[in-house]
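> One file: start_20.txt (compact mmCIF, C-alpha atoms).
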# COMPACT_ATOMS: atom_id res chain seq x y z
CA MET A 10 35.93 179.22 96.26
CA PRO A 11 37.18 175.77 97.37
CA ASP A 12 40.73 174.77 96.55
CA PRO A 13 41.29 172.13 93.86
CA VAL A 14 41.87 168.55 94.95
CA LEU A 15 45.55 167.69 94.43
CA LYS A 16 46.83 164.12 94.66
CA SER A 17 49.91 162.08 93.86
CA LEU A 18 50.82 158.40 93.64
CA PRO A 19 54.30 156.86 93.38
CA ALA A 20 54.70 155.66 89.79
CA PHE A 21 55.19 151.99 90.64
CA VAL A 22 53.05 149.09 89.40
CA THR A 23 52.90 145.49 90.59
CA LYS A 24 50.40 142.66 90.81
CA GLU A 25 47.84 143.13 93.53
CA PRO A 26 49.20 141.88 96.88
CA ARG A 27 47.65 138.71 98.29
CA HIS A 28 48.66 139.61 101.82
CA PHE A 29 48.00 143.18 102.76
CA SER A 30 47.15 145.58 105.54
CA GLU A 31 45.23 148.82 105.48
CA GLN A 32 48.50 150.60 106.20
CA LEU A 33 50.19 148.90 103.23
CA MET A 34 47.48 150.10 100.86
CA GLN A 35 47.67 153.74 101.92
CA ASN A 36 48.26 156.08 98.99
CA SER A 37 47.66 153.17 96.62
CA ILE A 38 44.93 151.90 94.34
CA SER A 39 44.23 148.65 92.51
CA ILE A 40 42.87 148.76 88.97
CA LYS A 41 41.57 146.04 86.69
CA ASP A 42 43.34 146.08 83.36
CA GLN A 43 42.74 143.54 80.61
CA GLY A 44 41.25 141.13 83.16
CA ILE A 45 44.05 141.35 85.74
CA TRP A 46 44.33 143.32 88.97
CA LEU A 47 47.34 145.60 89.36
CA THR A 48 48.29 147.86 92.25
CA VAL A 49 49.73 151.32 91.68
CA GLY A 50 51.27 153.58 94.30
CA GLN A 51 53.01 153.27 97.65
CA ALA A 52 52.12 149.60 98.10
CA ALA A 53 53.67 148.76 94.73
CA GLN A 54 56.85 150.62 95.65
CA THR A 55 57.04 148.78 98.99
CA ILE A 56 56.40 145.33 97.51
CA ALA A 57 58.38 145.71 94.29
CA PRO A 58 60.66 148.76 94.41
CA ASP A 59 62.22 147.82 91.08
CA HIS A 60 58.86 148.04 89.28
CA SER A 61 59.03 151.75 88.53
CA ARG A 62 57.53 153.14 85.35
CA ALA A 63 59.44 153.39 82.10
CA PHE A 64 60.46 156.96 81.34
CA GLY A 65 58.25 158.87 78.94
CA GLY A 66 55.83 157.13 76.62
CA ASN A 67 52.34 157.90 75.38
CA LEU A 68 48.85 156.40 75.30
CA ARG A 69 49.70 153.75 72.71
CA GLN A 70 51.63 151.90 75.42
CA PRO A 71 49.62 149.68 77.82
CA SER A 72 51.96 150.60 80.69
CA PHE A 73 51.17 154.29 80.23
CA ARG A 74 47.42 153.68 80.01
CA ARG A 75 47.48 151.78 83.32
CA LEU A 76 49.02 154.77 85.03
CA VAL A 77 46.37 157.06 83.55
CA LYS A 78 43.64 154.73 84.83
CA ALA A 79 45.13 154.69 88.30
CA ALA A 80 45.62 158.46 88.39
CA VAL A 81 42.06 159.22 87.27
CA ALA A 82 40.35 156.72 89.59
CA HIS A 83 42.53 157.76 92.55
CA THR A 84 41.58 161.40 91.97
CA LEU A 85 37.89 161.19 91.13
CA GLY A 86 36.76 158.03 92.92
CA ALA A 87 33.57 156.21 92.00
CA GLY A 88 30.90 157.91 89.92
CA GLN A 89 30.17 159.38 86.52
CA PHE A 90 31.99 162.53 85.43
CA THR A 91 32.08 164.76 82.38
CA LEU A 92 35.15 166.97 82.53
CA ASP A 93 37.61 168.89 80.41
CA LEU A 94 41.10 167.44 80.74
CA ALA A 95 44.63 168.78 80.41
CA MET A 96 47.77 166.64 80.23
CA SER A 97 51.44 167.49 80.22
CA ALA A 98 54.40 165.88 78.51
CA SER A 99 58.12 166.60 78.59
CA LYS A 100 59.82 168.16 75.57
CA GLN A 101 61.19 164.97 74.05
CA HIS A 102 57.89 163.05 74.29
CA PHE A 103 55.42 165.80 73.39
CA GLU A 104 55.36 165.05 69.66
CA GLY A 105 54.15 161.52 70.38
CA PHE A 106 50.84 162.90 71.66
CA VAL A 107 49.92 165.55 69.12
CA GLU A 108 49.07 166.15 65.50
CA GLY A 109 49.41 169.80 64.62
CA GLN A 110 48.05 171.76 67.56
CA GLU A 111 45.67 169.10 68.86
CA LEU A 112 45.89 165.72 70.55
CA ASP A 113 46.44 163.10 67.87
CA PRO A 114 43.05 161.53 66.91
CA GLU A 115 44.35 158.04 67.68
CA GLN A 116 45.66 159.16 71.07
CA LEU A 117 42.34 160.88 71.80
CA ALA A 118 40.35 157.75 70.96
CA ILE A 119 42.62 155.63 73.16
CA LEU A 120 42.30 158.13 76.01
CA GLN A 121 38.50 158.22 75.80
CA ASN A 122 38.35 154.41 75.82
CA THR A 123 40.86 154.13 78.68
CA VAL A 124 38.90 156.32 81.10
CA SER A 125 35.33 155.58 80.01
CA GLU A 126 35.08 152.80 82.60
CA ILE A 127 37.76 152.18 85.22
CA GLU A 128 37.19 149.28 87.62
CA PHE A 129 39.14 149.77 90.83
CA ARG A 130 39.29 148.92 94.52
CA THR A 131 41.07 150.27 97.55
CA HIS A 132 42.41 146.90 98.72
CA PRO A 133 42.19 143.29 97.51
CA GLN A 134 39.22 142.34 99.69
CA ALA A 135 37.16 145.42 98.87
CA GLU A 136 34.31 145.37 96.38
CA SER A 137 34.92 146.74 92.92
CA GLN A 138 34.01 150.35 92.24
CA PHE A 139 33.68 152.09 88.90
CA CYS A 140 34.82 155.47 87.68
CA HIS A 141 33.24 156.60 84.41
CA LEU A 142 34.82 159.64 82.80
CA THR A 143 33.54 161.33 79.65
CA ILE A 144 36.10 163.80 78.36
CA GLY A 145 35.09 167.18 76.97
CA ASN A 146 37.91 169.36 75.67
CA VAL A 147 41.46 168.00 75.85
CA LYS A 148 44.60 170.11 76.01
CA MET A 149 48.22 168.97 75.74
CA LEU A 150 50.88 171.22 77.25
CA TYR A 151 54.60 171.00 77.61
CA GLU A 152 55.51 170.54 81.28
CA THR A 153 57.41 173.81 81.22
CA GLN A 154 54.46 175.58 79.63
CA ALA A 155 52.14 174.36 82.37
CA VAL A 156 54.54 175.51 85.09
CA LEU A 157 54.79 178.94 83.48
CA GLN A 158 51.02 179.24 83.81
CA ALA A 159 51.32 178.63 87.57
CA ILE A 160 53.97 181.34 88.10
CA PRO A 161 52.66 184.89 88.72
CA PRO A 162 52.50 186.77 85.37
CA THR A 163 54.03 189.82 87.07
CA MET A 164 57.35 187.97 86.88
CA ARG A 165 58.58 188.95 83.43
CA SER A 166 62.19 187.84 82.94
CA TYR A 167 63.69 184.70 84.47
CA ILE A 168 64.89 181.17 83.68
CA LEU A 169 62.60 178.29 84.62
CA TRP A 170 64.19 174.97 85.56
CA GLN A 171 61.77 172.09 86.04
CA LEU A 172 63.79 169.41 87.84
CA GLY A 173 62.37 165.93 88.22
CA HIS A 174 63.52 162.35 88.37
CA GLY A 175 63.60 161.86 84.60
CA ASP A 176 64.80 165.21 83.33
CA LEU A 177 65.79 168.80 83.97
CA GLN A 178 63.92 171.08 81.55
CA GLN A 179 64.55 174.76 80.84
CA ILE A 180 62.75 177.70 79.27
CA THR A 181 63.73 181.36 79.50
CA MET A 182 61.10 184.07 79.95
CA PHE A 183 62.24 187.41 78.51
CA ASN A 184 60.00 190.48 78.89
CA GLY A 185 57.01 188.23 79.49
CA ARG A 186 57.60 185.99 76.48
CA PRO A 187 59.04 182.44 76.40
CA ILE A 188 62.09 182.08 74.16
CA PRO A 189 61.87 178.92 72.00
CA THR A 190 65.62 178.61 71.46
CA THR A 191 66.18 178.18 75.21
CA HIS A 192 63.69 175.31 75.54
CA ALA A 193 65.90 172.33 76.32
CA ARG A 194 66.33 169.34 78.56
CA VAL A 195 69.04 167.19 80.10
CA GLU A 196 68.76 164.03 82.15
CA GLY A 197 67.23 164.49 85.59
CA LEU A 198 68.12 163.31 89.07
CA SER A 199 68.00 159.68 87.95
CA SER A 200 71.52 160.30 86.65
CA ALA A 201 72.75 161.29 90.11
CA ILE A 202 70.89 158.37 91.71
CA ARG A 203 72.68 155.89 89.43
CA ASP A 204 76.06 157.25 90.55
CA PHE A 205 74.86 157.27 94.16
CA ALA A 206 73.91 153.59 93.86
CA GLU A 207 77.46 152.78 92.76
CA TYR A 208 78.99 154.73 95.63
CA ILE A 209 76.95 152.85 98.26
CA SER A 210 77.00 149.48 96.41
CA LEU A 211 73.25 149.01 96.22
CA PRO A 212 70.82 148.18 93.39
CA ILE A 213 69.00 151.20 91.98
CA ALA A 214 65.70 150.35 93.71
CA ASP A 215 67.35 150.17 97.14
CA ALA A 216 69.48 153.22 96.40
CA MET A 217 66.35 155.26 95.69
CA ILE A 218 65.07 154.48 99.18
CA ALA A 219 68.44 155.39 100.68
CA TRP A 220 68.40 158.61 98.64
CA GLN A 221 64.99 159.53 100.08
CA THR A 222 65.74 158.57 103.69
CA GLY A 223 69.43 159.49 103.90
CA GLN A 224 70.15 156.11 105.50
CA ARG A 225 71.10 152.62 104.37
CA THR A 226 71.26 149.33 106.24
CA LYS A 227 74.75 148.30 107.30
CA GLN A 228 75.93 145.41 105.13
CA ASP A 229 77.74 143.62 107.94
CA SER A 230 74.89 143.85 110.42
CA MET A 231 72.33 141.13 111.24
CA GLN A 232 70.16 143.73 112.96
CA ASP A 233 68.38 146.82 111.67
CA GLU A 234 71.42 149.05 112.01
CA THR A 235 71.72 151.89 109.54
CA MET A 236 74.43 154.27 108.44
CA ASP A 237 74.36 157.82 107.10
CA VAL A 238 74.87 158.27 103.35
CA PHE A 239 75.09 162.08 103.39
CA GLU A 240 78.55 162.32 101.82
CA GLU A 241 77.81 159.87 99.00
CA LYS A 242 74.54 161.61 98.12
CA GLN A 243 76.13 165.05 98.16
CA ARG A 244 78.99 163.85 95.95
CA ALA A 245 76.55 162.40 93.39
CA ILE A 246 74.47 165.60 93.32
CA ARG A 247 77.50 167.86 92.91
CA GLU A 248 78.86 165.74 90.06
CA TYR A 249 75.46 165.79 88.35
CA PHE A 250 75.08 169.57 88.47
CA ALA A 251 78.69 170.11 87.41
CA THR A 252 77.83 168.66 84.00
CA ALA A 253 74.05 169.17 83.70
CA THR A 254 73.68 172.91 84.13
CA GLN A 255 76.24 174.57 81.88
CA ASP A 256 74.73 173.50 78.55
CA LEU A 257 71.41 174.95 79.67
CA LEU A 258 72.91 178.23 80.85
CA ASN A 259 74.80 178.62 77.57
CA LEU A 260 71.45 178.86 75.79
CA ASN A 261 70.59 181.83 77.99
CA GLU A 262 73.64 183.91 76.99
CA PRO A 263 71.74 186.33 74.69
CA TYR A 264 69.32 187.12 77.54
CA LYS A 265 71.80 187.09 80.37
CA GLN A 266 71.57 190.77 81.22
CA ARG A 267 67.87 190.60 82.10
CA CYS A 268 67.38 186.96 83.03
CA VAL A 269 69.46 186.53 86.15
CA GLY A 270 66.95 184.70 88.34
CA ILE A 271 66.61 180.92 88.03
CA VAL A 272 63.27 179.60 89.28
CA LEU A 273 63.49 175.98 90.39
CA SER A 274 60.34 173.86 90.27
CA GLY A 275 59.59 170.12 90.31
CA GLY A 276 60.37 167.38 92.79
CA GLY A 277 64.05 168.33 93.00
CA ALA A 278 63.08 171.61 94.65
CA LYS A 279 61.78 169.70 97.69
CA ASP A 280 65.16 168.17 98.54
CA PRO A 281 67.23 170.65 100.61
CA MET A 282 70.52 169.00 99.66
CA VAL A 283 69.67 169.23 95.95
CA VAL A 284 68.74 172.90 96.29
CA ASP A 285 71.87 173.74 98.30
CA CYS A 286 74.18 172.02 95.82
CA LEU A 287 72.48 173.67 92.86
CA ARG A 288 72.70 177.07 94.50
CA ASP A 289 76.43 176.60 95.06
CA GLU A 290 76.85 175.63 91.40
CA VAL A 291 74.91 178.46 89.73
CA GLU A 292 75.51 181.34 92.17
CA SER A 293 79.28 180.89 92.49
CA GLY A 294 79.95 183.13 89.47
CA GLY A 295 78.10 186.03 91.06
CA HIS A 296 75.64 186.53 88.19
CA TYR A 297 72.71 184.12 88.62
CA LYS A 298 70.52 183.77 91.69
CA LEU A 299 68.47 180.66 92.45
CA PHE A 300 64.90 180.86 93.74
CA SER A 301 62.72 177.93 94.72
CA VAL A 302 59.29 178.32 93.14
CA THR A 303 57.93 178.38 96.70
CA ASP A 304 60.06 181.42 97.55
CA LEU A 305 59.43 183.85 94.71
CA PRO A 306 59.41 187.63 95.12
CA GLN A 307 55.70 187.48 94.21
CA ALA A 308 54.09 184.68 96.19
CA ALA A 309 51.31 182.57 94.67
CA GLU A 310 49.18 179.74 96.03
CA THR A 311 49.73 177.84 92.78
CA CYS A 312 53.45 177.70 93.64
CA SER A 313 53.13 176.53 97.24
CA ASP A 314 54.25 172.98 96.38
CA PRO A 315 57.01 172.61 93.74
CA VAL A 316 55.86 169.07 92.91
CA MET A 317 52.41 170.38 91.99
CA THR A 318 53.25 173.49 89.97
CA CYS A 319 52.76 171.63 86.68
CA VAL A 320 49.33 170.42 87.82
CA GLN A 321 48.39 173.89 89.06
CA GLY A 322 49.27 175.29 85.66
CA LEU A 323 47.22 172.63 83.88
CA LEU A 324 44.23 173.54 86.04
CA LYS A 325 44.33 177.04 84.53
CA SER A 326 42.85 175.52 81.37
CA SER A 327 40.89 172.50 82.53
CA GLN A 328 38.94 170.85 85.34
CA LEU A 329 41.07 167.69 85.49
CA ALA A 330 44.87 167.76 85.25
CA LEU A 331 47.17 164.77 84.66
CA ASP A 332 50.94 164.95 85.07
CA ILE A 333 52.11 161.37 84.56
CA GLY A 334 55.60 161.89 85.94
CA ASN A 335 58.52 159.50 85.96
CA SER A 336 58.60 159.14 89.73
CA SER A 337 55.02 160.03 90.67
CA LEU A 338 51.60 160.56 89.13
CA LYS A 339 50.37 164.06 89.95
CA THR A 340 46.75 165.07 89.45
CA GLY A 341 44.39 167.94 90.15
CA TYR A 342 40.61 168.22 90.08
CA THR A 343 38.60 171.43 90.12
CA GLN A 344 34.94 171.08 91.04
CA PRO A 345 32.72 171.60 87.96
CA ASN A 346 31.01 174.66 89.43
CA GLN A 347 34.35 176.46 89.66
CA SER A 348 35.48 178.65 86.80
CA THR A 349 38.55 177.85 84.74
CA THR A 350 40.70 180.09 82.56
CA VAL A 351 41.43 178.91 79.05
CA GLY A 352 44.87 179.76 77.74
CA VAL A 353 46.30 179.90 74.24
CA PHE A 354 48.37 176.87 73.28
CA PRO A 355 51.24 176.56 70.80
CA SER A 356 51.80 174.31 67.88
CA PRO A 357 54.42 171.72 68.90
CA ARG A 358 56.35 172.65 65.77
CA GLN A 359 56.40 176.31 66.81
CA GLU A 360 57.35 175.83 70.42
CA TYR A 361 56.30 178.70 72.64
CA SER A 362 55.63 180.99 69.67
CA TYR A 363 52.50 182.08 71.45
CA GLN A 364 51.36 184.67 73.89
CA ASN A 365 49.88 183.16 77.02
CA SER A 366 46.54 184.67 77.91
CA GLN A 367 47.98 185.60 81.31
CA GLN A 368 50.94 187.48 79.83
CA THR A 369 51.12 190.94 78.34
CA THR A 370 53.62 192.46 75.98
Translate the structure described by the file into C-alpha cells.

Amino acid sequence: MPDPVLKSLPAFVTKEPRHFSEQLMQNSISIKDQGIWLTVGQAAQTIAPDHSRAFGGNLRQPSFRRLVKAAVAHTLGAGQFTLDLAMSASKQHFEGFVEGQELDPEQLAILQNTVSEIEFRTHPQAESQFCHLTIGNVKMLYETQAVLQAIPPTMRSYILWQLGHGDLQQITMFNGRPIPTTHARVEGLSSAIRDFAEYISLPIADAMIAWQTGQRTKQDSMQDETMDVFEEKQRAIREYFATATQDLLNLNEPYKQRCVGIVLSGGGAKDPMVVDCLRDEVESGGHYKLFSVTDLPQAAETCSDPVMTCVQGLLKSSQLALDIGNSSLKTGYTQPNQSTTVGVFPSPRQEYSYQNSQQTT
C-alpha cells in the first residue's frame, strides 16, 4: 500500500512577487483570492518575513481561508477531487469550528465554498491551474486528539506534549484513556523567540531566522559576517521551560505513579537544543522521563516525523488532512483506493470523554 502524501508550507503570505526565480518559488504556491494573487510558503517568508499568519482563527476569517486554499492546492494539485476531510484545531480555538459534535453549519458552508474552485499557479509567469474539491464527510479533531491517534495504541499510560510555535498542549493518557482534566495549553515557543529577539537585538522576523539557523549577521560588519547565537537561544529556551512546564505537570499529579513518560511531539521535537533543555527541566527530579515521539518504545511509521504526527492521526479518519499550524501548514493525502479507519470523536463540551476506536479498556 503506498504511503500517504505529506506536505508542508511555511505559514507566510505576501503579494505575488514581480521578480522571481524558480529557486525562490520552491515550496511555495500562488493562489487567486478575491481577484488578487497572493503567494504562500517559502517565497513569502523570504520576501516578507514579518508576514506570518495570525495565531489561531477559523474559517470565518479571510486570512484563514487563504491558508486553507494554499494548503489544499499545494497538496492535491490540479484536477477534480471528492474526498473526506479531517481538520485539527488547538484547544482554545476548537469551539470556534463546531456546533455540538459536528462542524458548525456556517463553517462547513464556508469550507465547501472555499475549496470548490481554487485558482493557483506555481510562479507568476505560469498559467493558472484549478483545483476543484468536493468534500464528503468532515471531521474536526483537537490537535492532541489527532496526535494520540498516531501513537501506537499499545502505549497505555503517558503524558503527551504537543509543542509548536503557538502553544504547548498537554493530555494525559491513563490506562488507555485520555483524562479531560489534564487537557491544557500554555504559550508555545513563540514566547521563547520573543525573549531571544530581545537578547540579540533583532526584530521578531529576523530573530526567527537566527533561531532556525543559529547565526545572525554581525551588526558592525559591512560584509556577510555572522556570529553564533547559541548562548542567547539556550537562555531563552531554559527560561521558557522554567515557567511553562510546571503548571502542566501539576495537572498530572493524580496520575503520577503510572504516567511517568512524557511523549514530545510537534515542531519543537525537531530542535535538538529544545529537546535537550526540556529533558534537563523535566528529568532533573528523577521521576519523569522524556521521549521524542520518534523514539518511542514501540516504533510506528506514523511517528517518524514529529511535525507530521497530527496529520498522520487525522489520516486515520479521512483521506485529506489539514493542520493549519501557526508556523507551517501541514497536510496529508491518502489515495482514494486506500482504506481509512474511522474513529469515534468527542463532543467539544465533553472533551475526551470518548473511547478511541484504536484503544481498549
> May I have the residues within 6 Å of range 153-163 of chain A as number ranges by chain, using only C-alpha atoms and disregarding those fewer than 4 positions away in the same chain?
A: 311, 318-319, 321-323, 368
> Neighbours of Gln138 in chain A within 12 Å (all atoms listed in the file; same-chain residues fewer than 4 positions away dropped), as a list in words?
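Close residues of Gln138 in chain A: Ile38, Ser39, Ile40, Lys41, Ala82, His83, Leu85, Gly86, Ala87, Gly88, Gln89, Glu126, Ile127, Glu128, Phe129, Arg130, Thr131 and His132 of chain A.
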> Around the point (40.2, 167.3, 88.8) in the file's coordinates, collect all residues with an atom within 7 Å, using only C-alpha atoms, and return them as a list in words.
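All residues meeting the 7 Å criterion around (40.2, 167.3, 88.8) are Val14, Thr84, Leu85, Gln328, Leu329, Ala330, Thr340, Gly341, Tyr342, Thr343 and Gln344 of chain A.
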> Hey, what's within 9 Å of range 266-280 of chain A if we count only C-alpha atoms and toss same-chain stuff fewer than 4 positions away? As a VMD selection string, please?
chain A and resid 156 166 to 174 177 181 to 184 197 to 198 221 261 to 262 284 to 285 291 296 to 303 305 312 314 to 319 336
> Looking at only C-alpha atoms, which of A:Trp46, A:Gly109, A:Val320, A:Ser61 is the one that sits closest to Met217 in chain A?
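Ranking A:Trp46, A:Gly109, A:Val320, A:Ser61 by distance to Met217 in chain A, first place goes to A:Ser61.
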> Need the neighbours of (63.6, 150.9, 96.8): which residues are at most 6 Å away, counting all atoms listed in the file, as a VMD selection string?
chain A and resid 58 214 to 215 217 to 218
> Can you tell me how far CA of Asp256 in chain A sits from CA of Pro189 in chain A, in Å to one decimal?
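CA of Pro189 in chain A lies 15.4 Å from CA of Asp256 in chain A.
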> Identify which of the residues A:Ala245, A:Leu117, A:Ala206, A:Leu331 lies closest to Glu152 in chain A, counting only C-alpha atoms when measuring atom-to-atom distances.
A:Leu331
> Report the distance between CA of Asn146 in chain A and CA of Gln101 in chain A in Å, rounded to one decimal place.
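Distance between the two atoms: 23.7 Å.
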> Between A:Arg203, A:Arg186, A:Lys24, A:Lys78, which has the minimum distance to Gln54 in chain A (counting all atoms listed in the file)?
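Closest to Gln54 in chain A, using all atoms listed in the file: A:Lys24.
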> Which residue out of A:Met149, A:Leu142, A:Leu257, A:Ala79 has the minimum interatomic distance to Glu111 in chain A when all atoms listed in the file are used?
A:Met149
> Take CA of Ile246 in chain A and CA of Pro212 in chain A and report the distance between them in Å, one decimal.
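If I compute the distance from CA of Ile246 in chain A to CA of Pro212 in chain A, I get 17.8 Å.
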> Extract, using only C-alpha atoms, all DNA, RNA and protein residues at most 9 Å from Met34 in chain A, discarding same-chain residues fewer than 2 positions from it, and format them as a list of chain:residue names.
A:Phe29, A:Ser30, A:Glu31, A:Gln32, A:Asn36, A:Ser37, A:Ile38, A:Thr48, A:Gly50, A:Gln51, A:Ala52, A:Ala53, A:Thr131, A:His132
> Between A:Asn335, A:Thr254, A:Gln116, A:Gln35, which one has atoms that come closest to Leu76 in chain A, using only C-alpha atoms?
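Of all the options, A:Asn335 lies closest to Leu76 in chain A.
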> With a distance cut-off of 9 Å and all atoms listed in the file, select the neighbouring residues of Ser99 in chain A, excluding the residue or stretch itself and same-chain residues fewer than 2 positions from it, and output the selection as a PDB file with C-alpha atoms, keeping the file's coordinate frame.

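Saved result, part34.pdb, follows:
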ATOM      1  CA  GLY A  65      58.250 158.870  78.940  1.00  0.00           C
ATOM      2  CA  SER A  97      51.440 167.490  80.220  1.00  0.00           C
ATOM      3  CA  GLN A 101      61.190 164.970  74.050  1.00  0.00           C
ATOM      4  CA  HIS A 102      57.890 163.050  74.290  1.00  0.00           C
ATOM      5  CA  PHE A 103      55.420 165.800  73.390  1.00  0.00           C
ATOM      6  CA  LEU A 150      50.880 171.220  77.250  1.00  0.00           C
ATOM      7  CA  TYR A 151      54.600 171.000  77.610  1.00  0.00           C
ATOM      8  CA  GLU A 152      55.510 170.540  81.280  1.00  0.00           C
ATOM      9  CA  THR A 153      57.410 173.810  81.220  1.00  0.00           C
ATOM     10  CA  ASP A 176      64.800 165.210  83.330  1.00  0.00           C
ATOM     11  CA  GLN A 178      63.920 171.080  81.550  1.00  0.00           C
ATOM     12  CA  ARG A 194      66.330 169.340  78.560  1.00  0.00           C
TER      13      ARG A 194
END
> Measuring between only C-alpha atoms, which one of A:Gly145, A:Gln255, A:Pro187, A:Glu108 shows the shortest distance to Arg165 in chain A?
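Of the candidates, the smallest distance to Arg165 in chain A is held by A:Pro187.
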> Generate the missing atoms of range 291-310 of chain A up to N, CA, C and O atoms and report them as a JSON list (two decimals), in the coordinates of the input.

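Output below, filename rebuild_9.json:
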[["chain", "number", "residue", "atom", "x", "y", "z"],
["A", 291, "VAL", "N", 75.31, 177.39, 90.65],
["A", 291, "VAL", "CA", 74.91, 178.46, 89.73],
["A", 291, "VAL", "C", 75.19, 179.85, 90.28],
["A", 291, "VAL", "O", 75.33, 180.81, 89.51],
["A", 292, "GLU", "N", 75.29, 180.00, 91.60],
["A", 292, "GLU", "CA", 75.51, 181.34, 92.17],
["A", 292, "GLU", "C", 76.98, 181.67, 92.38],
["A", 292, "GLU", "O", 77.32, 182.81, 92.70],
["A", 293, "SER", "N", 77.86, 180.68, 92.19],
["A", 293, "SER", "CA", 79.28, 180.89, 92.49],
["A", 293, "SER", "C", 79.91, 181.95, 91.59],
["A", 293, "SER", "O", 80.86, 182.63, 92.00],
["A", 294, "GLY", "N", 79.38, 182.13, 90.37],
["A", 294, "GLY", "CA", 79.95, 183.13, 89.47],
["A", 294, "GLY", "C", 79.51, 184.55, 89.77],
["A", 294, "GLY", "O", 80.00, 185.50, 89.15],
["A", 295, "GLY", "N", 78.55, 184.70, 90.67],
["A", 295, "GLY", "CA", 78.10, 186.03, 91.06],
["A", 295, "GLY", "C", 77.08, 186.67, 90.15],
["A", 295, "GLY", "O", 76.69, 187.82, 90.36],
["A", 296, "HIS", "N", 76.61, 185.94, 89.12],
["A", 296, "HIS", "CA", 75.64, 186.53, 88.19],
["A", 296, "HIS", "C", 74.22, 186.02, 88.45],
["A", 296, "HIS", "O", 73.30, 186.81, 88.62],
["A", 297, "TYR", "N", 74.05, 184.71, 88.47],
["A", 297, "TYR", "CA", 72.71, 184.12, 88.62],
["A", 297, "TYR", "C", 72.34, 183.98, 90.09],
["A", 297, "TYR", "O", 73.20, 183.83, 90.96],
["A", 298, "LYS", "N", 71.04, 184.00, 90.34],
["A", 298, "LYS", "CA", 70.52, 183.77, 91.69],
["A", 298, "LYS", "C", 69.40, 182.75, 91.60],
["A", 298, "LYS", "O", 68.51, 182.87, 90.75],
["A", 299, "LEU", "N", 69.44, 181.75, 92.48],
["A", 299, "LEU", "CA", 68.47, 180.66, 92.45],
["A", 299, "LEU", "C", 67.32, 180.94, 93.41],
["A", 299, "LEU", "O", 67.53, 181.31, 94.56],
["A", 300, "PHE", "N", 66.10, 180.74, 92.93],
["A", 300, "PHE", "CA", 64.90, 180.86, 93.74],
["A", 300, "PHE", "C", 64.11, 179.55, 93.65],
["A", 300, "PHE", "O", 63.86, 179.06, 92.53],
["A", 301, "SER", "N", 63.72, 179.00, 94.78],
["A", 301, "SER", "CA", 62.72, 177.93, 94.72],
["A", 301, "SER", "C", 61.40, 178.55, 94.32],
["A", 301, "SER", "O", 61.10, 179.70, 94.65],
["A", 302, "VAL", "N", 60.59, 177.80, 93.59],
["A", 302, "VAL", "CA", 59.29, 178.32, 93.14],
["A", 302, "VAL", "C", 58.39, 178.64, 94.34],
["A", 302, "VAL", "O", 57.43, 179.41, 94.21],
["A", 303, "THR", "N", 58.71, 178.08, 95.50],
["A", 303, "THR", "CA", 57.93, 178.38, 96.70],
["A", 303, "THR", "C", 58.40, 179.66, 97.39],
["A", 303, "THR", "O", 57.78, 180.10, 98.36],
["A", 304, "ASP", "N", 59.47, 180.25, 96.89],
["A", 304, "ASP", "CA", 60.06, 181.42, 97.55],
["A", 304, "ASP", "C", 60.32, 182.53, 96.55],
["A", 304, "ASP", "O", 61.39, 183.12, 96.50],
["A", 305, "LEU", "N", 59.31, 182.82, 95.73],
["A", 305, "LEU", "CA", 59.43, 183.85, 94.71],
["A", 305, "LEU", "C", 59.19, 185.24, 95.30],
["A", 305, "LEU", "O", 58.52, 185.38, 96.33],
["A", 306, "PRO", "N", 59.70, 186.28, 94.65],
["A", 306, "PRO", "CA", 59.41, 187.63, 95.12],
["A", 306, "PRO", "C", 57.91, 187.94, 95.16],
["A", 306, "PRO", "O", 57.44, 188.68, 96.01],
["A", 307, "GLN", "N", 57.16, 187.36, 94.20],
["A", 307, "GLN", "CA", 55.70, 187.48, 94.21],
["A", 307, "GLN", "C", 55.13, 186.11, 94.55],
["A", 307, "GLN", "O", 55.17, 185.19, 93.74],
["A", 308, "ALA", "N", 54.60, 185.97, 95.75],
["A", 308, "ALA", "CA", 54.09, 184.68, 96.19],
["A", 308, "ALA", "C", 52.79, 184.33, 95.46],
["A", 308, "ALA", "O", 52.03, 185.22, 95.05],
["A", 309, "ALA", "N", 52.54, 183.03, 95.30],
["A", 309, "ALA", "CA", 51.31, 182.57, 94.67],
["A", 309, "ALA", "C", 50.94, 181.22, 95.25],
["A", 309, "ALA", "O", 51.80, 180.36, 95.46],
["A", 310, "GLU", "N", 49.65, 181.02, 95.49],
["A", 310, "GLU", "CA", 49.18, 179.74, 96.03],
["A", 310, "GLU", "C", 49.48, 178.60, 95.08],
["A", 310, "GLU", "O", 49.73, 177.47, 95.49]]
